[in-house]
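Coordinates as given in structure.cif (mmCIF, C-alpha atoms):
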```cif
data_my_file
loop_
_atom_site.label_atom_id
_atom_site.label_comp_id
_atom_site.auth_asym_id
_atom_site.auth_seq_id
_atom_site.Cartn_x
_atom_site.Cartn_y
_atom_site.Cartn_z
CA MET L 1 51.29 -58.67 -174.87
CA ASP L 2 48.19 -57.54 -173.01
CA ALA L 3 47.30 -55.42 -169.99
CA ALA L 4 46.37 -58.40 -167.82
CA ASP L 5 49.75 -60.04 -168.33
CA LEU L 6 51.62 -56.80 -167.68
CA ASP L 7 49.55 -56.23 -164.55
CA ARG L 8 50.41 -59.72 -163.31
CA GLN L 9 54.12 -59.10 -163.91
CA ALA L 10 54.03 -55.86 -161.94
CA ARG L 11 52.01 -57.30 -159.03
CA THR L 12 53.68 -60.69 -158.62
CA LEU L 13 57.16 -60.22 -160.16
CA SER L 14 56.62 -63.58 -161.84
CA GLY L 15 57.07 -64.51 -165.48
CA CYS L 16 59.53 -61.65 -165.88
CA ILE L 17 62.93 -60.37 -164.79
CA PRO L 18 62.43 -58.53 -161.46
CA PRO L 19 63.66 -54.92 -161.17
CA LEU L 20 66.70 -55.74 -159.02
CA LEU L 21 67.93 -58.29 -161.53
CA VAL L 22 67.32 -55.91 -164.45
CA SER L 23 69.53 -53.39 -162.67
CA ARG L 24 72.17 -56.09 -162.09
CA LEU L 25 72.15 -57.03 -165.78
CA LEU L 26 72.72 -53.41 -166.77
CA GLU L 27 75.45 -52.94 -164.16
CA LEU L 28 77.29 -56.01 -165.45
CA GLY L 29 77.08 -54.85 -169.07
CA TYR L 30 74.26 -57.07 -170.34
CA GLY L 31 72.28 -54.24 -171.92
CA GLU L 32 71.67 -56.23 -175.09
CA GLU L 33 69.82 -58.89 -173.13
CA VAL L 34 67.69 -56.25 -171.40
CA ALA L 35 66.87 -54.71 -174.78
CA CYS L 36 65.98 -58.12 -176.18
CA GLN L 37 63.64 -58.94 -173.31
CA ALA L 38 62.08 -55.48 -173.52
CA GLY L 39 61.11 -56.35 -177.09
CA ARG L 40 59.58 -59.62 -175.90
CA GLY L 41 57.14 -58.16 -173.42
CA ASP L 42 59.14 -58.04 -170.18
CA TRP L 43 57.81 -54.92 -168.48
CA PHE L 44 60.66 -54.21 -166.08
CA CYS L 45 63.24 -54.61 -168.85
CA ALA L 46 61.22 -52.24 -171.03
CA ARG L 47 60.92 -49.66 -168.27
CA GLU L 48 64.65 -49.58 -167.51
CA TRP L 49 65.75 -49.82 -171.13
CA THR L 50 63.62 -46.86 -172.19
CA ARG L 51 65.01 -44.80 -169.31
CA LEU L 52 68.52 -45.66 -170.43
CA LEU L 53 67.73 -44.76 -174.05
CA GLY L 54 66.23 -41.47 -172.91
CA ASP L 55 69.35 -40.64 -170.88
CA GLN L 56 71.38 -41.24 -174.05
CA GLY L 57 69.20 -38.84 -176.05
CA ARG L 58 67.66 -41.65 -178.10
CA GLN L 59 64.11 -40.48 -177.55
CA ALA L 60 62.52 -41.93 -180.66
CA GLU L 61 63.93 -45.37 -179.89
CA ALA L 62 62.68 -45.17 -176.31
CA LEU L 63 59.15 -44.35 -177.44
CA GLU L 64 59.29 -47.15 -179.98
CA VAL L 65 60.13 -49.65 -177.22
CA LEU L 66 57.23 -48.42 -175.07
CA ALA L 67 54.68 -48.16 -177.87
CA PRO L 68 53.33 -51.75 -177.72
CA TYR L 69 53.04 -51.53 -173.94
CA VAL L 70 51.12 -48.26 -174.09
CA ALA L 71 48.92 -49.68 -176.84
CA THR L 72 47.52 -52.23 -174.36
CA GLY L 73 45.85 -49.40 -172.42
CA TRP L 74 47.74 -50.32 -169.24
CA TRP L 75 48.14 -47.19 -167.10
CA PRO L 76 51.67 -47.83 -165.70
CA ALA L 77 53.03 -48.01 -169.26
CA ALA L 78 51.31 -44.77 -170.19
CA ARG L 79 52.62 -43.16 -167.02
CA ALA L 80 56.17 -44.29 -167.82
CA GLN L 81 55.91 -42.68 -171.25
CA ALA L 82 54.41 -39.49 -169.83
CA GLU L 83 57.26 -39.24 -167.31
CA LEU L 84 59.80 -39.62 -170.11
CA LEU L 85 58.09 -36.97 -172.21
CA GLU L 86 58.04 -34.54 -169.30
CA SER L 87 61.72 -35.19 -168.55
CA TRP L 88 62.50 -34.35 -172.17
CA GLY L 89 60.69 -31.01 -171.96
CA ARG L 90 57.60 -32.29 -173.78
CA ALA L 91 55.10 -31.70 -170.99
CA GLU L 92 52.15 -30.89 -173.26
CA GLU L 93 52.47 -34.28 -174.95
CA ALA L 94 52.61 -35.92 -171.53
CA ILE L 95 49.41 -34.12 -170.49
CA VAL L 96 47.60 -35.20 -173.65
CA LEU L 97 48.70 -38.79 -173.07
CA ALA L 98 47.64 -38.89 -169.41
CA ARG L 99 44.30 -37.06 -169.69
CA PRO L 100 42.12 -39.97 -170.95
CA TYR L 101 43.33 -42.22 -168.13
CA ALA L 102 42.54 -39.56 -165.52
CA ARG L 103 38.82 -39.97 -166.20
CA THR L 104 38.93 -43.15 -164.08
CA GLY L 105 40.14 -41.15 -161.06
CA GLY L 106 42.63 -42.54 -158.55
CA LEU L 107 46.33 -42.68 -159.40
CA PRO L 108 45.97 -41.49 -163.02
CA LEU L 109 44.01 -38.41 -161.90
CA GLU L 110 46.55 -37.62 -159.19
CA PHE L 111 49.37 -37.95 -161.73
CA LEU L 112 47.68 -35.64 -164.24
CA ALA L 113 46.89 -33.04 -161.58
CA ARG L 114 50.45 -32.92 -160.30
CA LEU L 115 51.73 -32.80 -163.88
CA LEU L 116 49.46 -29.85 -164.66
CA ALA L 117 50.52 -28.07 -161.47
CA ARG L 118 54.22 -28.47 -162.27
CA HIS L 119 53.68 -26.74 -165.59
CA GLY L 120 51.78 -23.62 -164.60
CA ARG L 121 48.24 -24.98 -164.64
CA LYS L 122 47.50 -25.18 -160.92
CA ASP L 123 43.97 -23.82 -161.18
CA GLU L 124 43.01 -26.57 -163.61
CA ALA L 125 44.63 -29.15 -161.33
CA VAL L 126 42.77 -27.85 -158.27
CA THR L 127 39.45 -27.95 -160.12
CA LEU L 128 40.04 -31.55 -161.18
CA LEU L 129 40.97 -32.67 -157.69
CA SER L 130 38.29 -30.76 -155.80
CA ASN L 131 35.66 -33.03 -157.27
CA GLY L 132 37.48 -36.02 -155.77
CA ILE L 133 37.97 -34.68 -152.25
CA GLU L 134 36.45 -37.84 -150.76
CA ASP L 135 39.46 -39.86 -152.02
CA GLN L 136 42.38 -39.71 -149.54
CA LEU L 137 44.98 -39.84 -152.29
CA LEU L 138 43.38 -37.00 -154.24
CA ALA L 139 42.74 -34.94 -151.12
CA ALA L 140 46.42 -35.14 -150.17
CA ALA L 141 47.44 -34.14 -153.71
CA LEU L 142 45.00 -31.23 -153.58
CA VAL L 143 46.56 -29.89 -150.38
CA ASP L 144 50.05 -30.19 -151.88
CA ILE L 145 49.10 -28.46 -155.10
CA THR L 146 47.34 -25.49 -153.51
CA GLU L 147 50.50 -24.46 -151.67
CA GLY L 148 51.51 -21.04 -152.91
CA THR L 149 48.07 -20.27 -154.34
CA ASP L 150 45.24 -18.15 -152.94
CA ARG L 151 42.93 -21.14 -152.60
CA ASP L 152 43.97 -22.45 -149.19
CA GLU L 153 40.77 -21.29 -147.48
CA GLU L 154 38.63 -22.85 -150.19
CA ILE L 155 40.29 -26.22 -149.67
CA ALA L 156 40.30 -25.81 -145.90
CA ALA L 157 36.51 -25.41 -146.01
CA LEU L 158 36.15 -28.59 -148.04
CA LEU L 159 38.25 -30.48 -145.49
CA ALA L 160 36.47 -28.98 -142.47
CA ALA L 161 33.19 -30.22 -143.89
CA ARG L 162 34.58 -33.77 -143.66
CA ILE L 163 35.25 -33.47 -139.91
CA PRO L 164 32.15 -34.28 -137.83
CA ASP L 165 31.68 -32.72 -134.40
CA ARG L 166 31.43 -36.01 -132.51
CA HIS L 167 32.37 -39.09 -134.49
CA ARG L 168 35.99 -40.22 -134.56
CA CYS L 169 37.15 -43.35 -136.34
CA ASP L 170 38.67 -45.99 -134.09
CA SER L 171 40.44 -47.75 -136.97
CA PRO L 172 41.72 -46.84 -140.46
CA TRP L 173 38.86 -48.89 -141.97
CA CYS L 174 36.01 -47.18 -140.11
CA CYS L 175 34.92 -44.59 -142.67
CA ARG L 176 35.11 -45.08 -146.41
CA GLY L 177 36.88 -42.42 -148.41
CA LEU L 178 38.39 -39.45 -146.60
CA ASP L 179 38.13 -40.30 -142.91
CA PRO L 180 37.95 -37.54 -140.26
CA ASP L 181 41.48 -38.11 -138.91
CA THR L 182 43.00 -37.79 -142.38
CA ALA L 183 40.95 -34.64 -143.01
CA ILE L 184 42.22 -33.21 -139.71
CA GLY L 185 45.80 -33.96 -140.71
CA LEU L 186 45.43 -32.31 -144.11
CA LEU L 187 43.72 -29.26 -142.62
CA ALA L 188 46.58 -29.00 -140.13
CA VAL L 189 49.04 -28.92 -143.06
CA ILE L 190 47.22 -25.92 -144.49
CA ARG L 191 47.09 -24.11 -141.15
CA GLU L 192 50.80 -24.69 -140.55
CA ARG L 193 51.85 -23.25 -143.88
CA GLN L 194 49.55 -20.26 -143.24
CA GLY L 195 51.58 -19.60 -140.12
CA ARG L 196 48.71 -20.64 -137.85
CA VAL L 197 50.80 -23.20 -136.00
CA ASP L 198 48.82 -23.12 -132.76
CA GLU L 199 45.65 -23.97 -134.69
CA ALA L 200 47.43 -26.82 -136.44
CA ILE L 201 48.62 -28.21 -133.10
CA ALA L 202 45.14 -27.92 -131.58
CA LEU L 203 43.65 -29.74 -134.55
CA LEU L 204 46.12 -32.61 -134.34
CA HIS L 205 45.37 -33.07 -130.64
CA THR L 206 41.78 -33.97 -131.62
CA ARG L 207 42.76 -37.02 -133.69
CA HIS L 208 41.77 -40.48 -132.55
CA ILE L 209 44.51 -42.26 -134.55
CA THR L 210 47.73 -40.38 -133.85
CA SER L 211 50.31 -42.44 -135.71
CA VAL L 212 50.20 -43.62 -139.32
CA ASN L 213 52.96 -45.62 -141.03
CA ASN L 214 55.21 -45.28 -137.97
CA HIS L 215 55.04 -41.49 -138.01
CA ASP L 216 53.22 -39.01 -135.82
CA GLN L 217 52.29 -35.80 -137.64
CA LEU L 218 52.01 -33.76 -134.42
CA ALA L 219 55.45 -34.86 -133.24
CA ASP L 220 56.93 -33.90 -136.62
CA LEU L 221 55.24 -30.49 -136.51
CA LEU L 222 56.48 -29.74 -132.98
CA ALA L 223 60.00 -30.75 -134.01
CA ARG L 224 59.94 -28.51 -137.09
CA HIS L 225 59.00 -25.51 -134.98
CA ASP L 226 61.50 -26.22 -132.21
CA ARG L 227 58.78 -26.64 -129.61
CA ILE L 228 60.82 -29.15 -127.70
CA ASP L 229 59.11 -28.80 -124.32
CA GLU L 230 55.75 -29.51 -125.94
CA LEU L 231 57.24 -32.41 -127.87
CA ARG L 232 58.71 -33.82 -124.67
CA ALA L 233 55.34 -33.60 -122.90
CA TYR L 234 53.56 -35.16 -125.87
CA ALA L 235 56.12 -37.97 -126.12
CA ALA L 236 55.48 -38.82 -122.48
CA SER L 237 51.77 -39.32 -123.19
CA ALA L 238 51.77 -40.87 -126.68
CA HIS L 239 51.64 -44.63 -126.20
CA HIS L 240 52.87 -45.65 -129.67
CA GLY L 241 56.39 -44.39 -128.99
CA HIS L 242 56.72 -42.58 -132.32
CA ALA L 243 56.75 -39.15 -130.66
CA ALA L 244 59.52 -40.29 -128.31
CA ARG L 245 61.54 -41.49 -131.28
CA ARG L 246 61.09 -38.10 -132.98
CA LEU L 247 62.25 -36.30 -129.81
CA ALA L 248 65.31 -38.52 -129.61
CA GLU L 249 66.09 -37.83 -133.28
CA VAL L 250 65.92 -34.08 -132.69
CA LEU L 251 68.21 -34.27 -129.68
CA GLU L 252 70.67 -36.54 -131.47
CA GLY L 253 70.70 -34.16 -134.44
CA ARG L 254 71.69 -31.36 -132.08
CA GLY L 255 74.56 -33.39 -130.69
CA ASP L 256 72.79 -34.12 -127.41
CA VAL L 257 73.38 -37.86 -127.51
CA GLU L 258 72.93 -38.29 -123.77
CA GLY L 259 69.59 -36.49 -123.95
CA ALA L 260 68.49 -38.83 -126.75
CA ILE L 261 69.57 -41.85 -124.73
CA ALA L 262 67.58 -40.58 -121.74
CA VAL L 263 64.43 -40.44 -123.88
CA TYR L 264 64.65 -44.14 -124.63
CA ARG L 265 65.43 -45.00 -121.02
CA GLN L 266 62.19 -43.42 -119.76
CA PRO L 267 60.01 -46.02 -118.01
CA ASP L 268 56.99 -47.21 -119.98
CA HIS L 269 54.26 -49.50 -118.76
CA SER L 270 53.41 -50.87 -122.21
CA PRO L 271 55.60 -53.86 -123.25
CA ALA L 272 55.57 -53.20 -127.02
CA PRO L 273 56.94 -49.62 -126.85
CA GLN L 274 59.48 -50.80 -124.27
CA ARG L 275 60.88 -53.35 -126.70
CA HIS L 276 60.95 -50.89 -129.59
CA ASP L 277 62.57 -48.24 -127.37
CA ALA L 278 65.30 -50.70 -126.37
CA VAL L 279 66.02 -51.53 -130.01
CA GLN L 280 66.10 -47.83 -130.93
CA LEU L 281 68.42 -47.19 -127.98
CA ALA L 282 70.77 -49.97 -129.06
CA GLN L 283 70.90 -48.63 -132.62
CA LEU L 284 71.57 -45.11 -131.28
CA LEU L 285 74.44 -46.36 -129.14
CA ALA L 286 75.88 -48.32 -132.07
CA ARG L 287 75.77 -45.24 -134.31
CA HIS L 288 77.95 -43.42 -131.81
CA GLY L 289 80.61 -46.07 -131.43
CA ARG L 290 79.23 -47.61 -128.27
CA GLY L 291 78.74 -51.10 -129.60
CA ASP L 292 79.36 -52.95 -126.34
CA GLU L 293 76.66 -50.89 -124.61
CA ALA L 294 74.31 -51.51 -127.52
CA ILE L 295 74.86 -55.26 -127.27
CA GLU L 296 74.26 -55.19 -123.53
CA VAL L 297 70.94 -53.39 -124.07
CA MET L 298 69.85 -56.06 -126.53
CA ARG L 299 71.14 -58.90 -124.34
CA THR L 300 69.07 -57.60 -121.43
CA LEU L 301 66.01 -57.29 -123.66
CA VAL L 302 66.37 -60.78 -125.14
CA ASP L 303 66.78 -62.30 -121.68
CA SER L 304 63.75 -60.47 -120.26
CA PRO L 305 60.33 -62.21 -120.05
CA GLY L 306 58.83 -62.28 -123.53
CA GLY L 307 61.88 -60.58 -125.02
CA ALA L 308 63.14 -63.42 -127.20
CA ASP L 309 61.00 -62.64 -130.23
CA ASP L 310 62.70 -63.59 -133.49
CA TRP L 311 63.07 -60.00 -134.72
CA ILE L 312 64.63 -58.92 -131.43
CA VAL L 313 67.08 -61.83 -131.35
CA ASP L 314 67.92 -61.14 -134.99
CA THR L 315 68.72 -57.50 -134.13
CA ALA L 316 70.95 -58.67 -131.30
CA CYS L 317 72.77 -61.16 -133.52
CA THR L 318 73.34 -58.47 -136.15
CA LEU L 319 74.94 -56.25 -133.51
CA TYR L 320 77.16 -59.12 -132.34
CA ALA L 321 78.28 -59.74 -135.92
CA ASP L 322 78.78 -56.06 -136.80
CA HIS L 323 81.01 -55.50 -133.78
CA GLY L 324 83.24 -58.53 -134.20
CA ARG L 325 81.59 -60.50 -131.42
CA ALA L 326 80.04 -63.33 -133.39
CA GLN L 327 81.40 -65.88 -130.89
CA ASP L 328 79.58 -64.09 -128.07
CA GLY L 329 76.45 -64.14 -130.18
CA LEU L 330 76.74 -67.92 -130.55
CA ALA L 331 77.14 -68.26 -126.78
CA HIS L 332 73.98 -66.20 -126.29
CA LEU L 333 72.07 -68.45 -128.69
CA ASP L 334 73.40 -71.47 -126.77
CA ALA L 335 71.97 -70.00 -123.56
CA LEU L 336 68.59 -69.42 -125.21
CA LYS L 337 68.60 -72.98 -126.53
CA ALA L 338 69.41 -74.38 -123.08
CA ARG L 339 66.52 -72.42 -121.53
CA ARG L 340 64.22 -74.11 -124.04
CA ASP L 341 65.34 -77.61 -123.13
CA GLY L 342 67.66 -77.90 -126.10
CA GLU L 343 65.08 -76.87 -128.70
CA GLU L 344 65.89 -74.17 -131.25
CA GLU L 345 63.42 -72.50 -133.59
CA GLY L 346 64.21 -72.47 -137.29
CA ASP L 347 64.78 -68.70 -137.35
CA PHE L 348 67.21 -68.92 -134.43
CA PHE L 349 69.05 -71.75 -136.16
CA ARG L 350 69.39 -69.56 -139.27
CA MET L 351 70.92 -66.82 -137.09
CA ARG L 352 73.33 -69.39 -135.64
CA LEU L 353 74.51 -70.38 -139.11
CA ARG L 354 75.26 -66.79 -140.05
CA LEU L 355 77.20 -66.18 -136.87
CA MET L 356 79.18 -69.36 -137.51
CA ALA L 357 80.03 -68.10 -140.98
CA ASP L 358 81.19 -64.81 -139.46
CA CYS L 359 83.46 -66.80 -137.16
CA GLY L 360 85.10 -68.46 -140.18
CA LEU L 361 83.15 -71.67 -139.72
CA LEU L 362 81.27 -71.59 -143.01
CA ASP L 363 81.85 -75.24 -143.93
CA GLU L 364 80.77 -76.33 -140.45
CA ALA L 365 77.68 -74.14 -140.75
CA VAL L 366 76.77 -75.72 -144.08
CA GLU L 367 77.23 -79.21 -142.62
CA GLN L 368 74.99 -78.37 -139.65
CA ALA L 369 72.36 -76.90 -141.96
CA ARG L 370 72.31 -80.05 -144.10
CA ALA L 371 72.10 -82.28 -141.04
CA HIS L 372 69.20 -80.32 -139.57
CA PRO L 373 65.78 -82.06 -139.68
CA GLU L 374 64.66 -79.38 -142.14
CA GLY L 375 67.94 -79.39 -144.02
CA ASP L 376 66.39 -80.58 -147.28
CA THR L 377 63.71 -77.87 -147.42
CA SER L 378 63.75 -74.99 -149.86
CA TYR L 379 64.06 -72.55 -146.96
CA ALA L 380 67.24 -74.24 -145.75
CA ALA L 381 68.60 -74.28 -149.32
CA TRP L 382 68.07 -70.53 -149.58
CA THR L 383 69.96 -69.95 -146.31
CA ILE L 384 72.87 -72.19 -147.31
CA SER L 385 73.17 -70.72 -150.81
CA ASP L 386 73.08 -67.20 -149.42
CA MET L 387 76.01 -67.93 -147.10
CA LEU L 388 77.99 -69.55 -149.90
CA ALA L 389 77.34 -66.66 -152.27
CA GLU L 390 78.42 -64.10 -149.65
CA ALA L 391 81.66 -66.07 -149.31
CA GLY L 392 82.22 -65.83 -153.07
CA ARG L 393 81.28 -69.45 -153.74
CA ALA L 394 78.58 -68.76 -156.32
CA GLU L 395 78.92 -72.08 -158.14
CA GLU L 396 78.18 -73.97 -154.94
CA ALA L 397 75.31 -71.59 -154.18
CA VAL L 398 73.78 -72.44 -157.56
CA ALA L 399 74.18 -76.17 -156.99
CA VAL L 400 72.34 -75.90 -153.65
CA LEU L 401 69.44 -73.88 -155.08
CA GLU L 402 68.91 -75.67 -158.38
CA PRO L 403 66.79 -78.52 -156.90
CA HIS L 404 64.53 -75.86 -155.39
CA ALA L 405 64.39 -73.56 -158.42
CA PRO L 406 60.64 -72.86 -158.46
CA ALA L 407 60.68 -71.64 -154.86
CA HIS L 408 63.75 -69.42 -155.23
CA SER L 409 63.97 -68.64 -158.93
CA SER L 410 64.96 -64.99 -158.42
CA ALA L 411 67.78 -65.83 -156.01
CA LEU L 412 69.06 -68.59 -158.29
CA ALA L 413 68.84 -66.32 -161.33
CA GLY L 414 70.85 -63.69 -159.49
CA HIS L 415 73.67 -66.16 -158.85
CA LEU L 416 73.56 -67.32 -162.47
CA ILE L 417 73.86 -63.72 -163.68
CA ASP L 418 76.86 -63.18 -161.42
CA LEU L 419 78.45 -66.24 -163.04
CA GLY L 420 77.77 -64.89 -166.53
CA ARG L 421 75.10 -67.49 -167.27
CA VAL L 422 72.60 -64.89 -168.38
CA LYS L 423 70.67 -67.08 -170.83
CA ASP L 424 70.15 -69.69 -168.12
CA ALA L 425 68.94 -67.02 -165.73
CA VAL L 426 66.45 -65.61 -168.22
CA ALA L 427 65.15 -69.07 -169.12
CA LEU L 428 64.56 -69.74 -165.43
CA LEU L 429 62.60 -66.53 -164.92
CA GLN L 430 60.49 -66.67 -168.07
CA PRO L 431 57.50 -69.04 -167.92
CA ARG L 432 57.52 -72.04 -170.24
CA GLU L 433 53.76 -71.79 -170.67
CA PRO L 434 51.64 -68.66 -170.46
CA GLU L 435 49.98 -68.29 -167.08
CA PRO L 436 46.21 -67.74 -167.11
CA ALA L 437 45.44 -64.05 -167.34
CA THR L 438 43.42 -62.40 -164.60
CA PRO L 439 41.29 -59.31 -165.11
CA VAL L 440 42.95 -55.98 -164.40
CA TRP L 441 41.26 -54.18 -161.52
CA THR L 442 40.31 -50.67 -162.58
CA GLY L 443 39.72 -49.39 -159.07
CA THR L 444 35.94 -49.68 -159.22
CA PHE L 445 33.50 -52.24 -157.93
CA SER L 446 30.71 -53.87 -159.93
CA THR L 447 27.24 -52.47 -159.37
CA GLU L 448 25.54 -55.64 -160.64
CA SER L 449 23.86 -57.86 -158.09
CA PRO L 450 25.28 -61.38 -157.85
CA SER L 451 23.32 -63.96 -159.80
#
```

Could you render the structure from this file as structure tokens?
Amino acid sequence: MDAADLDRQARTLSGCIPPLLVSRLLELGYGEEVACQAGRGDWFCAREWTRLLGDQGRQAEALEVLAPYVATGWWPAARAQAELLESWGRAEEAIVLARPYARTGGLPLEFLARLLARHGRKDEAVTLLSNGIEDQLLAAALVDITEGTDRDEEIAALLAARIPDRHRCDSPWCCRGLDPDTAIGLLAVIRERQGRVDEAIALLHTRHITSVNNHDQLADLLARHDRIDELRAYAASAHHGHAARRLAEVLEGRGDVEGAIAVYRQPDHSPAPQRHDAVQLAQLLARHGRGDEAIEVMRTLVDSPGGADDWIVDTACTLYADHGRAQDGLAHLDALKARRDGEEEGDFFRMRLRLMADCGLLDEAVEQARAHPEGDTSYAAWTISDMLAEAGRAEEAVAVLEPHAPAHSSALAGHLIDLGRVKDAVALLQPREPEPATPVWTGTFSTESPS
């Protein structure tokens, strides 16, 4: 067992039992197998088994399982042990364990700082993080931790110093470290919790990048403070569509379903938000028992110029299936195929097979899949086995996947576990020969010039 191998397991989910399958083993009563693999260096088995032991009050045994993993110096193992210690009321031991790792900065430093803050040592946590203000992760933790302290203005000054008067990044990769837009967002968090909401709003209006990870901080702030007219005006101008989605969510939450629908029906000159708005509208209608209207929205979108993207057609087919209209979904796919001179993309063909299965035509779907020009590929095997497994025909699903085991080892192992063939599943997932170890990245770059 070494840190490089553990790091590879965590990054690639290869050479080990993936988390979902570990959970399935435990759910089906195969705890002994999980314990055995935990003792053999399988990280995800070790992580779940120690949690289970801790929940049973078997703390010493849990620490014994983790000990060889922690001994490698691999941070995720140390973090797992620190989290267990804290959950058992042994926070000081957790702090002692985490402190040496925090010297490298990054995630270990954030973890230690939040741990300190949770246990009455906020000032120490703030001091540690203040020195790393240029790191986005640490800056965000710093703003979180200072809530409820008298150090908001101190941190606000540090953030303000990171916001230039003129320059604004035009992409998330423009400025290294804490970019101006992120600093603006964090400063706005401080101003909002100080009750200076107007200042927070004004700050957020100066951002160049308004939406991150499909969320708009300004839209969320306006919603929290019930400033619906401002949110409505902002949604009309924000081209990403995330503010409009937030407005619709607020209205739906208040029971104003028609108002939420109207938000998504607003004309938009940008094709991408139009498509996303139509999908959001269809999902809104479906949530409120208006499935036929939802399907019609998606049908119109799919049939519009450029609307037959695979993800959009997949959403439409899901709605057809969920509302007992799989046959209509097949007819729609037939129409799309006819418009393309009888050609059908692989993804559309996969959707066809699932709709056929929903119509009770599983055997016919399997036959069509096998007769398809790509019917002997590993991708087709995965689709066929999935349909068979959903129909309760796990043995047949295994037979289809076995010739393609390397490509779909996790899926095949899952079916084997369901059949009680746990040893076979584990043998499939564990490598026969050790894979070459790769260095563990510490989060730093070499300062040596290339030779």

Apply the PyMOL selection byres ((chain L and resi 200) around 9) to the file shown and report the selected residues as an mmCIF file with C-alpha atoms, keeping the file's coordinate frame.
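Wrote it out as expr04.cif, contents follow:
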```cif
data_model
loop_
_atom_site.group_PDB
_atom_site.id
_atom_site.type_symbol
_atom_site.label_atom_id
_atom_site.label_comp_id
_atom_site.auth_asym_id
_atom_site.auth_seq_id
_atom_site.Cartn_x
_atom_site.Cartn_y
_atom_site.Cartn_z
ATOM 1 C CA ILE L 184 42.220 -33.210 -139.710
ATOM 2 C CA GLY L 185 45.800 -33.960 -140.710
ATOM 3 C CA LEU L 187 43.720 -29.260 -142.620
ATOM 4 C CA ALA L 188 46.580 -29.000 -140.130
ATOM 5 C CA VAL L 189 49.040 -28.920 -143.060
ATOM 6 C CA ILE L 190 47.220 -25.920 -144.490
ATOM 7 C CA ARG L 191 47.090 -24.110 -141.150
ATOM 8 C CA GLU L 192 50.800 -24.690 -140.550
ATOM 9 C CA ARG L 196 48.710 -20.640 -137.850
ATOM 10 C CA VAL L 197 50.800 -23.200 -136.000
ATOM 11 C CA ASP L 198 48.820 -23.120 -132.760
ATOM 12 C CA GLU L 199 45.650 -23.970 -134.690
ATOM 13 C CA ILE L 201 48.620 -28.210 -133.100
ATOM 14 C CA ALA L 202 45.140 -27.920 -131.580
ATOM 15 C CA LEU L 203 43.650 -29.740 -134.550
ATOM 16 C CA LEU L 204 46.120 -32.610 -134.340
ATOM 17 C CA HIS L 205 45.370 -33.070 -130.640
ATOM 18 C CA LEU L 218 52.010 -33.760 -134.420
ATOM 19 C CA LEU L 221 55.240 -30.490 -136.510
#
```

Proximity to Gln283 of chain L - best of L:Glu402, L:Glu296, L:Glu27, L:Glu93, all atoms listed in the file: L:Glu296

Extract, using all atoms listed in the file, all DNA, RNA and protein residues at most 12 Å from Val257 of chain L, discarding same-chain residues fewer than 2 positions from it, and format them as JSON, numbers by chain. {"L": [247, 248, 249, 250, 251, 252, 253, 254, 255, 259, 260, 261, 262, 263, 264, 281, 284, 285, 286, 287, 288, 289, 290]}

Between atom CA of Leu6 of chain L and atom CA of Gln136 of chain L, what is the distance in Å, rounded to a tenth?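 Separating atom CA of Leu6 of chain L from atom CA of Gln136 of chain L is a distance of 26.6 Å.
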
Using the chain letters and numbers from the file, which residues does the PyMOL selection byres ((chain L and resi 145) around 9) grab, as a PyMOL selection string? chain L and resi 113-114+117-118+122+125-126+140-144+146-149

Go ahead and compute the interatomic distance for atom CA of His239 of chain L and atom CA of Ala223 of chain L, in Å to one decimal. 18.0 Å

Return as a VMD selection string the set of residues that the PyMOL selection byres ((chain L and resi 412-426) around 8) yields on the displayed structure. chain L and resid 17 21 24 to 25 389 394 to 395 397 to 398 401 to 402 405 408 to 411 427 to 430

Please compute the atom CA of Trp88 of chain L-atom CA of Leu112 of chain L distance, one decimal, in Å.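 Atom CA of Leu112 of chain L lies 16.9 Å from atom CA of Trp88 of chain L.
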
Distance query segment 339-352 of chain L at most 8 Å, only C-alpha atoms, self and fewer than 3 positions along chain excluded, as an MDAnalysis selection string: chainID L and resid 310 313:314 317 330 333 335:336 355:356 383

With 6 Å of padding per side, what axis-aligned box (centre and edge lengths, Å, one decimal) covers all the listed atoms of segment 395-409 of chain L? Give it as JSON.
```
{"center_x": 69.8, "center_y": -73.6, "center_z": -156.3, "size_x": 30.3, "size_y": 21.9, "size_z": 17.3}
```

With a distance cut-off of 12 Å and only C-alpha atoms, select the neighbouring residues of Glu92 of chain L, excluding the residue or stretch itself and same-chain residues fewer than 6 positions from it, and output the selection as number ranges by chain. L: 82-83, 85-86, 98-99, 112, 115-116, 118-121

Within 12 Å of Gly360 of chain L, counting only C-alpha atoms, which residues qualify if same-chain residues fewer than 4 places away don't, as a PyMOL selection string? chain L and resi 321+324+326-327+353-356+364-366+387+391

Please work out which residues fall within 9 Å of (38.7, -36.2, -138.3), coordinates as given in the file, with only C-alpha atoms counting, and return them as a ChimeraX atom specification. /L:160,162-165,167-169,178-185,203,206-208

In the coordinate frame of the file, compute which residues have an atom within 12 Å of (47.1, -41.1, -124.7) when using all atoms listed in the file, and state them as an NGL selection string. :L and (205-211 or 233-241 or 243 or 270)

May I ask which of the residues L:Gln59, L:Val65, L:Gly106, L:Asn131 is the closest one to Leu84 of chain L, counting only C-alpha atoms?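 Closest candidate: L:Gln59.
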
Determine the nearest neighbour of Arg8 of chain L from the options L:Glu110, L:Glu32, L:Asp42, L:Glu124, counting only C-alpha atoms. L:Asp42
